[in-house]
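Below is run32.tsv, which holds TSV, C-alpha atoms.
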chain	number	residue	atom	x	y	z
A	1	MET	CA	31.62	17.25	87.06
A	2	ARG	CA	33.37	14.26	88.68
A	3	TYR	CA	37.09	13.57	88.80
A	4	ILE	CA	39.63	10.98	89.91
A	5	ASP	CA	42.84	11.97	91.71
A	6	PRO	CA	45.26	9.16	90.80
A	7	HIS	CA	48.05	10.21	93.17
A	8	ILE	CA	47.39	11.69	96.60
A	9	HIS	CA	48.85	10.86	100.02
A	10	MET	CA	45.78	10.97	102.22
A	11	VAL	CA	47.58	9.57	105.27
A	12	SER	CA	49.10	13.08	105.47
A	13	ARG	CA	45.78	14.90	105.15
A	14	ILE	CA	42.99	15.68	107.57
A	15	THR	CA	39.48	14.31	107.18
A	16	ASP	CA	38.22	17.77	106.16
A	17	ASP	CA	40.27	17.36	102.97
A	18	TYR	CA	38.20	14.31	102.04
A	19	ALA	CA	35.08	16.44	102.53
A	20	ARG	CA	36.41	19.28	100.38
A	21	MET	CA	37.54	16.88	97.65
A	22	ALA	CA	34.13	15.17	97.62
A	23	ASP	CA	32.44	18.58	97.38
A	24	ALA	CA	34.70	19.41	94.42
A	25	GLY	CA	33.61	16.25	92.57
A	26	CYS	CA	36.23	13.68	93.57
A	27	VAL	CA	34.83	10.14	93.36
A	28	ALA	CA	37.98	8.02	93.56
A	29	ILE	CA	41.61	8.35	94.54
A	30	THR	CA	44.69	6.18	94.44
A	31	GLU	CA	47.33	6.52	97.15
A	32	PRO	CA	50.88	5.35	96.50
A	33	ALA	CA	53.18	4.27	99.31
A	34	PHE	CA	55.82	6.96	99.93
A	35	TRP	CA	58.39	8.41	102.30
A	36	ALA	CA	57.09	9.58	105.67
A	37	GLY	CA	59.75	12.27	106.13
A	38	PHE	CA	61.92	9.86	108.14
A	39	ASP	CA	63.33	6.40	107.48
A	40	ARG	CA	61.25	3.56	108.91
A	41	SER	CA	61.73	-0.05	109.94
A	42	ALA	CA	60.16	-3.02	108.17
A	43	GLU	CA	57.66	-3.19	111.06
A	44	GLY	CA	56.79	0.44	110.36
A	45	PHE	CA	56.04	-0.47	106.75
A	46	ALA	CA	53.77	-3.34	107.81
A	47	ASP	CA	51.75	-0.86	109.86
A	48	TYR	CA	51.76	1.61	106.96
A	49	PHE	CA	50.46	-1.02	104.53
A	50	ARG	CA	47.63	-1.79	106.99
A	51	GLN	CA	46.82	1.91	107.15
A	52	LEU	CA	46.67	2.08	103.33
A	53	THR	CA	44.56	-1.05	102.96
A	54	GLU	CA	42.28	-0.85	106.01
A	55	THR	CA	42.05	2.61	107.58
A	56	GLU	CA	42.13	5.00	104.62
A	57	PRO	CA	39.43	3.17	102.60
A	58	ARG	CA	37.09	3.54	105.58
A	59	ARG	CA	37.89	7.23	106.01
A	60	ALA	CA	37.38	7.92	102.29
A	61	ALA	CA	34.13	5.95	102.16
A	62	MET	CA	32.58	8.34	104.69
A	63	TYR	CA	32.62	10.94	101.90
A	64	GLY	CA	31.66	8.68	99.01
A	65	ILE	CA	35.23	8.46	97.70
A	66	GLN	CA	36.62	5.11	96.57
A	67	HIS	CA	40.12	4.64	97.99
A	68	HIS	CA	42.77	2.51	96.26
A	69	CYS	CA	46.47	2.18	96.92
A	70	TRP	CA	49.86	1.08	95.64
A	71	LEU	CA	52.49	-0.66	97.75
A	72	CYS	CA	56.29	-0.49	97.63
A	73	ILE	CA	59.48	0.67	99.24
A	74	ASN	CA	59.91	4.22	97.97
A	75	ALA	CA	63.06	5.52	96.29
A	76	LYS	CA	64.04	7.77	99.21
A	77	GLU	CA	64.46	4.76	101.51
A	78	ALA	CA	65.83	2.45	98.80
A	79	GLU	CA	69.44	3.40	99.45
A	80	ASP	CA	69.21	0.94	102.37
A	81	THR	CA	69.03	-2.29	100.38
A	82	GLY	CA	68.63	-4.45	103.49
A	83	LEU	CA	65.53	-2.61	104.64
A	84	SER	CA	64.26	-2.46	101.06
A	85	ARG	CA	64.45	-6.21	100.57
A	86	GLU	CA	62.70	-6.82	103.88
A	87	VAL	CA	59.86	-4.53	102.74
A	88	ILE	CA	59.71	-6.11	99.28
A	89	GLY	CA	59.31	-9.45	101.06
A	90	LEU	CA	56.26	-8.07	102.89
A	91	ILE	CA	54.43	-6.77	99.83
A	92	PRO	CA	53.03	-10.00	98.29
A	93	GLN	CA	50.85	-10.75	101.32
A	94	TYR	CA	49.07	-7.39	100.76
A	95	LEU	CA	48.77	-7.42	96.96
A	96	ASP	CA	45.48	-9.33	96.98
A	97	ARG	CA	43.72	-6.92	99.32
A	98	PRO	CA	40.59	-5.40	97.75
A	99	ASN	CA	41.90	-1.85	97.25
A	100	VAL	CA	45.47	-2.63	96.10
A	101	LEU	CA	46.09	-1.79	92.43
A	102	GLY	CA	49.76	-2.64	92.11
A	103	VAL	CA	53.33	-1.63	92.88
A	104	GLY	CA	54.12	2.04	93.42
A	105	GLU	CA	55.31	4.65	93.61
A	106	ILE	CA	58.62	3.08	92.71
A	107	GLY	CA	61.42	4.80	90.86
A	108	LEU	CA	64.48	6.88	91.61
A	109	ASN	CA	65.30	9.79	93.88
A	110	LYS	CA	69.00	10.70	93.56
A	111	ASN	CA	69.66	8.22	90.72
A	112	SER	CA	72.01	5.99	92.73
A	113	ARG	CA	73.06	2.41	92.04
A	114	ASN	CA	71.17	1.07	95.07
A	115	GLU	CA	67.99	2.95	94.15
A	116	LEU	CA	68.21	1.51	90.64
A	117	ALA	CA	68.78	-2.04	91.89
A	118	ILE	CA	65.76	-1.85	94.23
A	119	PHE	CA	63.67	-0.28	91.47
A	120	GLU	CA	64.50	-3.17	89.15
A	121	GLU	CA	63.66	-5.71	91.86
A	122	GLN	CA	60.25	-4.11	92.33
A	123	LEU	CA	59.62	-4.10	88.58
A	124	ALA	CA	60.31	-7.84	88.68
A	125	LEU	CA	57.86	-8.16	91.60
A	126	ALA	CA	55.19	-6.38	89.57
A	127	LYS	CA	55.87	-8.63	86.60
A	128	ARG	CA	55.57	-11.79	88.71
A	129	HIS	CA	52.23	-10.65	90.11
A	130	ASP	CA	50.92	-9.13	86.87
A	131	ALA	CA	50.44	-5.85	88.74
A	132	LEU	CA	50.08	-2.33	87.43
A	133	VAL	CA	53.04	-0.03	88.12
A	134	LEU	CA	53.11	3.59	89.26
A	135	ILE	CA	56.48	5.29	88.74
A	136	HIS	CA	57.96	8.17	90.76
A	137	THR	CA	60.42	10.24	88.75
A	138	PRO	CA	62.99	12.30	90.68
A	139	HIS	CA	62.51	15.97	91.40
A	140	LEU	CA	64.15	19.10	90.01
A	141	GLU	CA	67.72	18.69	88.69
A	142	ASP	CA	67.55	14.90	88.99
A	143	LYS	CA	64.35	14.41	86.97
A	144	LEU	CA	65.71	14.31	83.42
A	145	LYS	CA	68.49	11.82	84.14
A	146	GLY	CA	66.25	9.76	86.40
A	147	THR	CA	63.47	9.53	83.85
A	148	ARG	CA	65.92	8.27	81.24
A	149	LEU	CA	67.33	5.65	83.62
A	150	ILE	CA	63.81	4.59	84.59
A	151	VAL	CA	62.70	4.15	80.98
A	152	ASP	CA	65.82	2.10	80.26
A	153	ALA	CA	65.01	-0.17	83.21
A	154	LEU	CA	61.38	-0.44	82.13
A	155	LYS	CA	62.41	-1.53	78.65
A	156	ASN	CA	64.50	-4.32	80.21
A	157	SER	CA	61.73	-5.38	82.60
A	158	GLY	CA	59.39	-6.99	80.09
A	159	LEU	CA	56.45	-5.02	81.48
A	160	ALA	CA	53.93	-3.79	78.92
A	161	PRO	CA	54.16	0.02	78.63
A	162	HIS	CA	50.38	0.46	78.79
A	163	ARG	CA	50.42	-1.11	82.29
A	164	VAL	CA	52.84	1.54	83.59
A	165	LEU	CA	52.19	5.18	84.53
A	166	ILE	CA	55.21	7.50	84.76
A	167	ASP	CA	54.40	10.25	87.22
A	168	HIS	CA	55.62	13.80	87.88
A	169	VAL	CA	56.38	14.50	84.21
A	170	GLU	CA	57.17	18.08	83.23
A	171	GLU	CA	57.96	19.86	79.98
A	172	HIS	CA	61.36	18.18	79.59
A	173	THR	CA	60.24	14.61	80.37
A	174	VAL	CA	56.69	14.28	79.08
A	175	ARG	CA	57.77	13.14	75.62
A	176	ILE	CA	60.14	10.52	77.05
A	177	ALA	CA	57.14	8.89	78.75
A	178	LEU	CA	54.65	9.26	75.91
A	179	ASP	CA	57.04	8.22	73.15
A	180	GLY	CA	57.79	5.03	75.09
A	181	GLY	CA	54.09	4.12	75.03
A	182	TYR	CA	53.62	4.70	78.78
A	183	TRP	CA	50.84	6.52	80.55
A	184	CYS	CA	52.01	9.61	82.37
A	185	ALA	CA	50.78	12.13	84.88
A	186	MET	CA	51.57	15.66	85.91
A	187	THR	CA	51.74	16.32	89.63
A	188	LEU	CA	50.48	19.78	90.49
A	189	TYR	CA	52.05	21.82	93.26
A	190	PRO	CA	51.39	25.39	94.40
A	191	GLU	CA	55.15	26.11	94.25
A	192	THR	CA	58.53	24.55	93.32
A	193	LYS	CA	57.15	22.08	90.74
A	194	CYS	CA	54.50	21.89	87.99
A	195	THR	CA	51.68	24.42	88.48
A	196	PRO	CA	48.12	23.93	87.18
A	197	GLN	CA	48.84	26.62	84.55
A	198	ARG	CA	51.92	24.82	83.23
A	199	ALA	CA	50.07	21.52	83.26
A	200	VAL	CA	47.44	22.96	80.95
A	201	ASP	CA	50.22	24.35	78.73
A	202	ILE	CA	51.65	20.82	78.51
A	203	LEU	CA	48.23	19.46	77.52
A	204	GLU	CA	47.84	22.14	74.85
A	205	THR	CA	51.29	21.27	73.49
A	206	HIS	CA	51.27	17.47	73.69
A	207	GLY	CA	47.56	16.57	73.59
A	208	VAL	CA	45.51	14.56	76.06
A	209	ASP	CA	46.24	10.96	75.05
A	210	ARG	CA	47.56	8.92	78.02
A	211	ILE	CA	48.01	11.98	80.28
A	212	CYS	CA	46.47	12.42	83.73
A	213	MET	CA	46.78	15.05	86.45
A	214	ASN	CA	47.09	14.61	90.21
A	215	SER	CA	47.61	16.66	93.34
A	216	ALA	CA	50.17	14.60	95.32
A	217	GLY	CA	48.59	16.18	98.42
A	218	ASP	CA	51.33	15.10	100.80
A	219	TRP	CA	52.87	16.38	104.06
A	220	GLY	CA	54.78	19.19	102.32
A	221	PRO	CA	53.37	22.37	100.78
A	222	SER	CA	50.66	20.95	98.51
A	223	ASP	CA	46.98	21.34	97.76
A	224	PRO	CA	44.59	18.37	97.66
A	225	LEU	CA	42.34	20.46	95.41
A	226	SER	CA	44.97	20.99	92.71
A	227	VAL	CA	43.08	18.92	90.14
A	228	PRO	CA	39.94	21.09	90.45
A	229	LEU	CA	42.23	24.13	90.16
A	230	ALA	CA	43.62	22.78	86.87
A	231	ARG	CA	40.09	22.08	85.67
A	232	ARG	CA	39.22	25.70	86.43
A	233	GLU	CA	42.30	26.83	84.48
A	234	MET	CA	41.17	24.75	81.47
A	235	ARG	CA	37.72	26.28	81.72
A	236	ARG	CA	39.22	29.80	82.02
A	237	ARG	CA	41.02	29.20	78.73
A	238	GLY	CA	37.78	28.21	77.06
A	239	HIS	CA	38.38	24.45	76.82
A	240	VAL	CA	35.23	22.37	76.60
A	241	ASP	CA	33.92	20.19	79.41
A	242	GLN	CA	34.44	17.01	77.35
A	243	LEU	CA	38.18	17.70	77.19
A	244	ILE	CA	38.39	18.51	80.90
A	245	GLN	CA	36.48	15.35	81.71
A	246	ARG	CA	38.75	13.27	79.52
A	247	VAL	CA	41.93	14.36	81.30
A	248	THR	CA	40.61	14.31	84.85
A	249	PHE	CA	38.19	11.38	84.76
A	250	GLU	CA	38.24	9.22	81.64
A	251	ASN	CA	42.02	8.96	81.31
A	252	PRO	CA	42.70	7.86	84.89
A	253	LEU	CA	39.67	5.56	84.65
A	254	ALA	CA	41.11	3.91	81.52
A	255	PHE	CA	44.54	3.32	83.05
A	256	LEU	CA	43.38	2.27	86.50
A	257	SER	CA	40.59	0.01	85.21
A	258	GLN	CA	43.26	-2.33	83.93
A	259	SER	CA	43.18	-3.56	87.52
A	260	PRO	CA	39.99	-5.51	88.22
A	261	ARG	CA	40.07	-4.04	91.73
A	262	PHE	CA	39.63	-0.45	90.57
A	263	ARG	CA	36.07	0.75	90.87
A	264	VAL	CA	33.98	3.87	90.99
A	265	GLU	CA	30.32	3.97	91.82
A	266	PRO	CA	28.35	3.06	88.66
A	267	ALA	CA	26.43	6.33	88.78
A	268	SER	CA	29.68	8.26	88.47
A	269	VAL	CA	30.97	6.55	85.32
B	1	MET	CA	45.95	21.04	69.10
B	2	SER	CA	42.65	21.49	67.35
B	3	GLU	CA	40.57	20.00	70.18
B	4	PHE	CA	41.64	22.88	72.43
B	5	ALA	CA	40.06	26.32	72.30
B	6	GLN	CA	42.33	28.73	70.48
B	7	ARG	CA	42.91	32.06	72.19
B	8	THR	CA	44.31	35.15	70.53
B	9	ARG	CA	47.62	36.66	71.66
B	10	GLN	CA	45.63	39.55	73.09
B	11	GLN	CA	43.46	37.21	75.14
B	12	VAL	CA	46.48	35.37	76.56
B	13	ILE	CA	48.24	38.60	77.50
B	14	ASP	CA	45.09	40.14	78.95
B	15	ALA	CA	44.57	37.05	81.10
B	16	ASP	CA	48.09	36.50	82.41
B	17	PHE	CA	50.29	39.57	81.97
B	18	LEU	CA	49.93	41.04	85.47
B	19	ALA	CA	50.66	37.74	87.23
B	20	HIS	CA	53.83	37.19	85.23
B	21	ARG	CA	54.97	40.80	85.51
B	22	ALA	CA	54.87	40.23	89.26
B	23	LYS	CA	56.90	37.00	88.96
B	24	LEU	CA	59.57	38.78	86.93
B	25	ILE	CA	59.85	41.52	89.55
B	26	ASP	CA	60.14	38.80	92.22
B	27	ILE	CA	63.16	37.40	90.37
B	28	ALA	CA	64.70	40.85	90.05
B	29	ALA	CA	64.17	41.49	93.75
B	30	PHE	CA	65.68	38.09	94.62
B	31	LEU	CA	68.85	38.89	92.66
B	32	ASP	CA	69.04	42.29	94.39
B	33	ARG	CA	68.64	40.52	97.76
B	34	VAL	CA	71.51	38.16	96.99
B	35	GLU	CA	73.67	41.13	96.00
B	36	ARG	CA	72.87	42.91	99.27
B	37	ALA	CA	73.86	39.88	101.36
B	38	ALA	CA	76.54	40.52	103.97
B	39	ASP	CA	79.27	38.52	102.23
B	40	CYS	CA	78.69	39.84	98.69
B	41	SER	CA	81.38	42.50	98.76
B	42	ASP	CA	83.69	40.01	96.99
B	43	GLY	CA	82.41	41.09	93.58
B	44	ALA	CA	80.94	37.66	92.81
B	45	PRO	CA	77.40	37.78	94.17
B	46	PHE	CA	76.22	34.92	91.96
B	47	ALA	CA	79.11	32.53	92.53
B	48	ASP	CA	76.85	29.95	94.18
B	49	PHE	CA	76.04	27.26	91.58
B	50	ARG	CA	72.28	27.74	92.04
B	51	ALA	CA	72.41	31.51	91.54
B	52	ARG	CA	74.73	31.02	88.59
B	53	ALA	CA	72.30	28.53	87.05
B	54	LEU	CA	69.41	30.94	87.56
B	55	VAL	CA	71.20	33.85	85.92
B	56	SER	CA	72.25	31.63	82.99
B	57	ALA	CA	68.71	30.33	82.53
B	58	ILE	CA	67.30	33.85	82.37
B	59	ALA	CA	69.12	34.30	79.07
B	60	ILE	CA	66.94	31.53	77.60
B	61	LEU	CA	63.87	33.72	78.04
B	62	THR	CA	65.10	36.32	75.56
B	63	ASP	CA	67.05	34.26	73.02
B	64	GLY	CA	64.20	34.38	70.53
B	65	LYS	CA	63.65	30.61	70.44
B	66	SER	CA	60.53	28.76	71.57
B	67	ASP	CA	60.16	25.85	74.03
B	68	ARG	CA	61.49	28.07	76.80
B	69	ALA	CA	60.03	26.09	79.73
B	70	ARG	CA	61.56	22.83	78.51
B	71	ARG	CA	64.91	24.46	77.85
B	72	VAL	CA	65.00	26.19	81.25
B	73	LEU	CA	64.27	22.86	82.96
B	74	GLU	CA	67.02	21.21	80.95
B	75	ALA	CA	69.44	24.01	81.88
B	76	PHE	CA	68.96	23.16	85.56
B	77	SER	CA	69.27	19.40	84.94
B	78	ASP	CA	71.98	16.83	85.48
B	79	HIS	CA	72.85	15.61	81.95
B	80	THR	CA	75.10	12.71	82.98
B	81	SER	CA	73.86	9.22	82.24
B	82	ARG	CA	75.40	6.87	84.83
B	83	PRO	CA	73.88	6.20	88.27
B	84	ILE	CA	75.83	7.82	91.11
B	85	ASP	CA	77.66	5.50	93.52
B	86	ALA	CA	75.50	6.34	96.54
B	87	ALA	CA	72.80	8.79	97.56
B	88	ASP	CA	74.26	10.76	100.45
B	89	GLU	CA	71.27	13.09	100.69
B	90	LYS	CA	67.54	12.75	99.99
B	91	GLY	CA	66.57	16.16	98.69
B	92	ALA	CA	67.08	17.98	95.39
B	93	CYS	CA	68.23	21.60	95.37
B	94	GLY	CA	66.98	22.69	91.94
B	95	ALA	CA	70.26	23.04	90.05
B	96	TRP	CA	72.98	20.55	89.17
B	97	ARG	CA	76.22	21.09	91.08
B	98	GLY	CA	78.27	19.73	88.21
B	99	ALA	CA	77.12	22.37	85.71
B	100	GLN	CA	79.85	24.68	84.42

As a first step, turn the structure in this file into structure tokens.
Amino acid sequence: MRYIDPHIHMVSRITDDYARMADAGCVAITEPAFWAGFDRSAEGFADYFRQLTETEPRRAAMYGIQHHCWLCINAKEAEDTGLSREVIGLIPQYLDRPNVLGVGEIGLNKNSRNELAIFEEQLALAKRHDALVLIHTPHLEDKLKGTRLIVDALKNSGLAPHRVLIDHVEEHTVRIALDGGYWCAMTLYPETKCTPQRAVDILETHGVDRICMNSAGDWGPSDPLSVPLARREMRRRGHVDQLIQRVTFENPLAFLSQSPRFRVEPASV
Amino acid sequence: MSEFAQRTRQQVIDADFLAHRAKLIDIAAFLDRVERAADCSDGAPFADFRARALVSAIAILTDGKSDRARRVLEAFSDHTSRPIDAADEKGACGAWRGAQ
């Protein structure tokens, strides 16, 4: 059974991870721009955007995985508005590259005024370029407030909700995203955040319409095979393959295919 | 949700009881560990806002109401609505400092 991981940071992973994901059925991924663990310069971002649009697609292709990406200044570096505006100025020259789906992962981290201002500027960028948007919601104690602030900003942006995916939802934020008409996704972590078991609980409680699952697979404790783990959990609970396929393949396909650049091999559709 | 397989209570407990029994004992052992810490002779082992939030949230598990996961997450959350003036740190610690 094939799946799409709509949020994974492959620049932080080794090539063996691509092999294991391909063996587990992964046919396409999307990689949002994010924080590297340290604050960078605008020149550093230019190099990063080349890595996302040139190097990673080649590495993924070796294992039959289609690689796509999202570009932005992430919320963790958005407190520096000068750097952020330099990076935002770089983005348009990359938006037409063949694997770029849109602007992301933008959002909030500590819910500050500067983060919010830069978030709104990137929403405007997405609107000007008719780009899809991938939203990062804050972690832990900051998630509830941040998700509310994000949805308020989205309402003011003029972007169509069905062109926006709000990521990292959990039990206390999933309804905020769904009730606003947005797509959403649960990011699965082995510890500290949403586990595959809780993700399946959320599906059982709220249904499968407009919900996806992803692994994040970044440089912290994370597992690039989290989506297959969640699929196994669904199977363990007796859920049918059609339902598993809908959440892990058809749903991300439906959202991402709103970009004409998103593709999976025809045989895998 | 009708499209999902429905399991009986017995099936759910049979499948997951041991794993969650272990998690509960982990929490108990963590609280014991905090109490044994070198500076806990002051009679307030859970004075730290994170430990206080954890102990408060445990009460949600046995209050007889449903939606426990959502309510525990909300108990750890910042419920203010205005953006903060500036982000002076990047990480989250899991509990809101401003909680009473």

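One distance worth recording is that between atom CA of Asp67 of chain B and atom CA of Gly94 of chain B, which is 19.4 Å.
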
May I ask which of the residues B:His79, B:Lys90, B:Arg52, B:Arg70 is the closest one to Thr205 of chain A, counting all atoms listed in the file?
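Ranking B:His79, B:Lys90, B:Arg52, B:Arg70 by distance to Thr205 of chain A, first place goes to B:Arg70.
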
For a test of reading the model, state the distance in Å between atom CA of Asn214 of chain A and atom CA of Arg236 of chain A, rounded to one decimal.
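Calculated distance between atom CA of Asn214 of chain A and atom CA of Arg236 of chain A is 19.0 Å.
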
At a cut-off of 6 Å, list the chain A residues touching chain B, using all atoms listed in the file, as a PDB file with C-alpha atoms, in the coordinates of the input.
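Result file iface14.pdb:
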ATOM      1  CA  LYS A 110      69.000  10.700  93.560  1.00  0.00           C
ATOM      2  CA  ASN A 111      69.660   8.220  90.720  1.00  0.00           C
ATOM      3  CA  SER A 112      72.010   5.990  92.730  1.00  0.00           C
ATOM      4  CA  ARG A 113      73.060   2.410  92.040  1.00  0.00           C
ATOM      5  CA  LEU A 140      64.150  19.100  90.010  1.00  0.00           C
ATOM      6  CA  GLU A 141      67.720  18.690  88.690  1.00  0.00           C
ATOM      7  CA  ASP A 142      67.550  14.900  88.990  1.00  0.00           C
ATOM      8  CA  GLU A 171      57.960  19.860  79.980  1.00  0.00           C
ATOM      9  CA  HIS A 172      61.360  18.180  79.590  1.00  0.00           C
ATOM     10  CA  GLY A 238      37.780  28.210  77.060  1.00  0.00           C
ATOM     11  CA  HIS A 239      38.380  24.450  76.820  1.00  0.00           C
TER      12      HIS A 239
END

Restrict the calculation to only C-alpha atoms, then for each residue of segment 184-241 of chain A with any atom at most 12 Å from an atom of segment 8-30 of chain A give the closest atom pair and their distance in Å to one decimal, rows by chain and rising residue number, as JSON lines.
{"residue": "A:Thr187", "atom": "CA", "partner": "A:Ile8", "partner_atom": "CA", "distance": 9.4}
{"residue": "A:Leu188", "atom": "CA", "partner": "A:Ile8", "partner_atom": "CA", "distance": 10.6}
{"residue": "A:Tyr189", "atom": "CA", "partner": "A:Ile8", "partner_atom": "CA", "distance": 11.6}
{"residue": "A:Met213", "atom": "CA", "partner": "A:Ile8", "partner_atom": "CA", "distance": 10.7}
{"residue": "A:Asn214", "atom": "CA", "partner": "A:Ile8", "partner_atom": "CA", "distance": 7.0}
{"residue": "A:Ser215", "atom": "CA", "partner": "A:Ile8", "partner_atom": "CA", "distance": 5.9}
{"residue": "A:Ala216", "atom": "CA", "partner": "A:Ile8", "partner_atom": "CA", "distance": 4.2}
{"residue": "A:Gly217", "atom": "CA", "partner": "A:Ile8", "partner_atom": "CA", "distance": 5.0}
{"residue": "A:Asp218", "atom": "CA", "partner": "A:His9", "partner_atom": "CA", "distance": 5.0}
{"residue": "A:Trp219", "atom": "CA", "partner": "A:Ser12", "partner_atom": "CA", "distance": 5.2}
{"residue": "A:Gly220", "atom": "CA", "partner": "A:Ser12", "partner_atom": "CA", "distance": 8.9}
{"residue": "A:Pro221", "atom": "CA", "partner": "A:Ser12", "partner_atom": "CA", "distance": 11.2}
{"residue": "A:Ser222", "atom": "CA", "partner": "A:Ile8", "partner_atom": "CA", "distance": 10.0}
{"residue": "A:Asp223", "atom": "CA", "partner": "A:Asp17", "partner_atom": "CA", "distance": 9.4}
{"residue": "A:Pro224", "atom": "CA", "partner": "A:Asp17", "partner_atom": "CA", "distance": 6.9}
{"residue": "A:Leu225", "atom": "CA", "partner": "A:Met21", "partner_atom": "CA", "distance": 6.4}
{"residue": "A:Ser226", "atom": "CA", "partner": "A:Met21", "partner_atom": "CA", "distance": 9.8}
{"residue": "A:Val227", "atom": "CA", "partner": "A:Cys26", "partner_atom": "CA", "distance": 9.3}
{"residue": "A:Pro228", "atom": "CA", "partner": "A:Ala24", "partner_atom": "CA", "distance": 6.8}
{"residue": "A:Leu229", "atom": "CA", "partner": "A:Ala24", "partner_atom": "CA", "distance": 9.9}
{"residue": "A:Arg231", "atom": "CA", "partner": "A:Ala24", "partner_atom": "CA", "distance": 10.6}
{"residue": "A:Arg232", "atom": "CA", "partner": "A:Ala24", "partner_atom": "CA", "distance": 11.1}

Figure out the distance between atom CA of Ser259 of chain A and atom CA of Leu154 of chain A, please, to one decimal in Å.
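Atom CA of Ser259 of chain A lies 19.2 Å from atom CA of Leu154 of chain A.
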
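Taking only C-alpha atoms into account, Asp201 of chain A lies nearest to A:Arg237 out of the set A:His139, A:Arg237, A:Arg261, A:Lys145.
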
From A:Glu121, A:Asp47, A:Asp5, A:Glu79, residue lying nearest Ala153 of chain A [all atoms listed in the file]
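Going through A:Glu121, A:Asp47, A:Asp5, A:Glu79 one by one, the smallest distance to Ala153 of chain A is for A:Glu121.
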
Distance query Arg263 of chain A at most 12 Å, all atoms listed in the file, self and fewer than 2 positions along chain excluded, as a list in words:
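My list of contacting residues is Ile4, Val27, Ala28, Ile29, Thr30, Ile65, Gln66, His67, His68, Pro98, Asn99, Val100, Leu101, Pro252, Leu253, Ala254, Phe255, Leu256, Ser257, Gln258, Ser259, Pro260, Arg261, Glu265, Pro266, Ala267, Ser268 and Val269 of chain A.
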
Give the centre and edge lengths of an axis-aligned box, in Å to one decimal, that holds all listed atoms of segment 62-67 of chain B with 8 Å on each side, as lines of an AutoDock Vina configuration file.
center_x = 63.6
center_y = 31.1
center_z = 73.0
size_x = 22.9
size_y = 26.5
size_z = 21.1

Name the residues in contact with segment 70-74 of chain A at a cut-off of 7 Å, using all atoms listed in the file, excluding same-chain residues fewer than 3 positions from it; report them as a PyMOL selection string.
chain A and resi 31-35+77-78+84+87-88+91+100-106

Quick one: residues within 12 Å of (65.7, -6.4, 83.7) (file frame), counting all atoms listed in the file, please, as a ChimeraX atom specification.
/A:116-125,127,150-159

Please write the residues from the selection above to a file, keeping C-alpha atoms, as a JSON list (two decimals), in the coordinates of the input.
[["chain", "number", "residue", "atom", "x", "y", "z"],
["A", 116, "LEU", "CA", 68.21, 1.51, 90.64],
["A", 117, "ALA", "CA", 68.78, -2.04, 91.89],
["A", 118, "ILE", "CA", 65.76, -1.85, 94.23],
["A", 119, "PHE", "CA", 63.67, -0.28, 91.47],
["A", 120, "GLU", "CA", 64.50, -3.17, 89.15],
["A", 121, "GLU", "CA", 63.66, -5.71, 91.86],
["A", 122, "GLN", "CA", 60.25, -4.11, 92.33],
["A", 123, "LEU", "CA", 59.62, -4.10, 88.58],
["A", 124, "ALA", "CA", 60.31, -7.84, 88.68],
["A", 125, "LEU", "CA", 57.86, -8.16, 91.60],
["A", 127, "LYS", "CA", 55.87, -8.63, 86.60],
["A", 150, "ILE", "CA", 63.81, 4.59, 84.59],
["A", 151, "VAL", "CA", 62.70, 4.15, 80.98],
["A", 152, "ASP", "CA", 65.82, 2.10, 80.26],
["A", 153, "ALA", "CA", 65.01, -0.17, 83.21],
["A", 154, "LEU", "CA", 61.38, -0.44, 82.13],
["A", 155, "LYS", "CA", 62.41, -1.53, 78.65],
["A", 156, "ASN", "CA", 64.50, -4.32, 80.21],
["A", 157, "SER", "CA", 61.73, -5.38, 82.60],
["A", 158, "GLY", "CA", 59.39, -6.99, 80.09],
["A", 159, "LEU", "CA", 56.45, -5.02, 81.48]]

For segment 177-184 of chain A, supply N, CA and C atoms and format the output as a compact mmCIF listing (two decimals), in the coordinates of the input.
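This went into part.txt:
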# COMPACT_ATOMS: atom_id res chain seq x y z
N ALA A 177 58.16 9.85 78.30
CA ALA A 177 57.14 8.89 78.75
C ALA A 177 56.18 8.53 77.62
N LEU A 178 55.66 9.53 76.94
CA LEU A 178 54.65 9.26 75.91
C LEU A 178 55.24 8.51 74.73
N ASP A 179 56.43 8.88 74.31
CA ASP A 179 57.04 8.22 73.15
C ASP A 179 57.38 6.76 73.43
N GLY A 180 57.54 6.43 74.73
CA GLY A 180 57.79 5.03 75.09
C GLY A 180 56.52 4.20 75.18
N GLY A 181 55.36 4.85 74.98
CA GLY A 181 54.09 4.12 75.03
C GLY A 181 53.50 4.04 76.42
N TYR A 182 54.10 4.74 77.39
CA TYR A 182 53.62 4.70 78.78
C TYR A 182 52.50 5.71 78.99
N TRP A 183 51.70 5.47 80.02
CA TRP A 183 50.84 6.52 80.55
C TRP A 183 51.72 7.47 81.34
N CYS A 184 51.26 8.70 81.52
CA CYS A 184 52.01 9.61 82.37
C CYS A 184 51.05 10.52 83.11
